[in-house]
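Asker: This is the structure, below, for whatever I ask next.
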Amino acid sequence: GERVGMIPENLKNAFEVESESPDHLCLGYLIEILDNEDVIHPLHSILFKKYHGLCGNKKHTAAELANEYGYKYYTMVSIINKIKKNVQDFAVEDDADA
């Protein structure tokens with residue numbers, strides 16, 4: 001095959017087309033939802049990010065988070081599951097609106 005530069009025009013154009021319509025299955029979209037205070041409470045956003053390793057350099061367990069924030073373990077698990085459901089519900093609604 002023919003060698004081309006790192007960013008040939010055809011790839012550059014494809015990237016620009018993809019950028020116009022965000023993929024709702026990407027990490028950036030998840031962070032955007034988590035940072036939306038109308039969808040997720042700021043504290044819950046931090047808990048979810050820490051649990052999944054999206055904030056800092058390691059994942060935290062539910063037990064670690066419960067201890068750090070003064071919750072019982074099962075309460076923390078419940079909070080994390082509720083946040084996950086809220087994110088999923090928002091993404092589904094957002095896709096339906098698009």
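Going through the structure tokens in order, the chains are called A, B, and so on, while each chain numbers its residues from 1 and the ligands are numbered from 1 in the order shown.
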Would you tabulate, counting only C-alpha atoms, all residues of range 24-69 of chain A that have an atom at most 8 Å from an atom of range 82-92 of chain A, showing the closest pair of atoms and their distance in Å to one decimal, sorted by chain then ascending number, as a tab-separated table?

Answerer:
residue	atom	partner	partner_atom	distance
A:His24	CA	A:Ala91	CA	7.3
A:Leu30	CA	A:Val87	CA	7.7
A:Ile33	CA	A:Val87	CA	6.8
A:Leu34	CA	A:Val87	CA	7.6
A:Val39	CA	A:Asn86	CA	7.4
A:Ile40	CA	A:Ile83	CA	7.2
A:His44	CA	A:Ile83	CA	7.1
A:Ser45	CA	A:Ile83	CA	7.9
A:Phe48	CA	A:Ile83	CA	7.2

Asker: Got a sec: who's within 12 Å of range 50-63 of chain A, counting only C-alpha atoms, leaving out chain neighbours fewer than 6 positions off, as a PyMOL selection string?

Answerer: chain A and resi 27-28+30-31+34+43-44+69-81+83-84

Asker: What's the separation between CA of Asn36 in chain A and CA of Glu64 in chain A, in Å to one decimal place?

Answerer: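 One can read the CA of Asn36 in chain A to CA of Glu64 in chain A distance as 24.9 Å.
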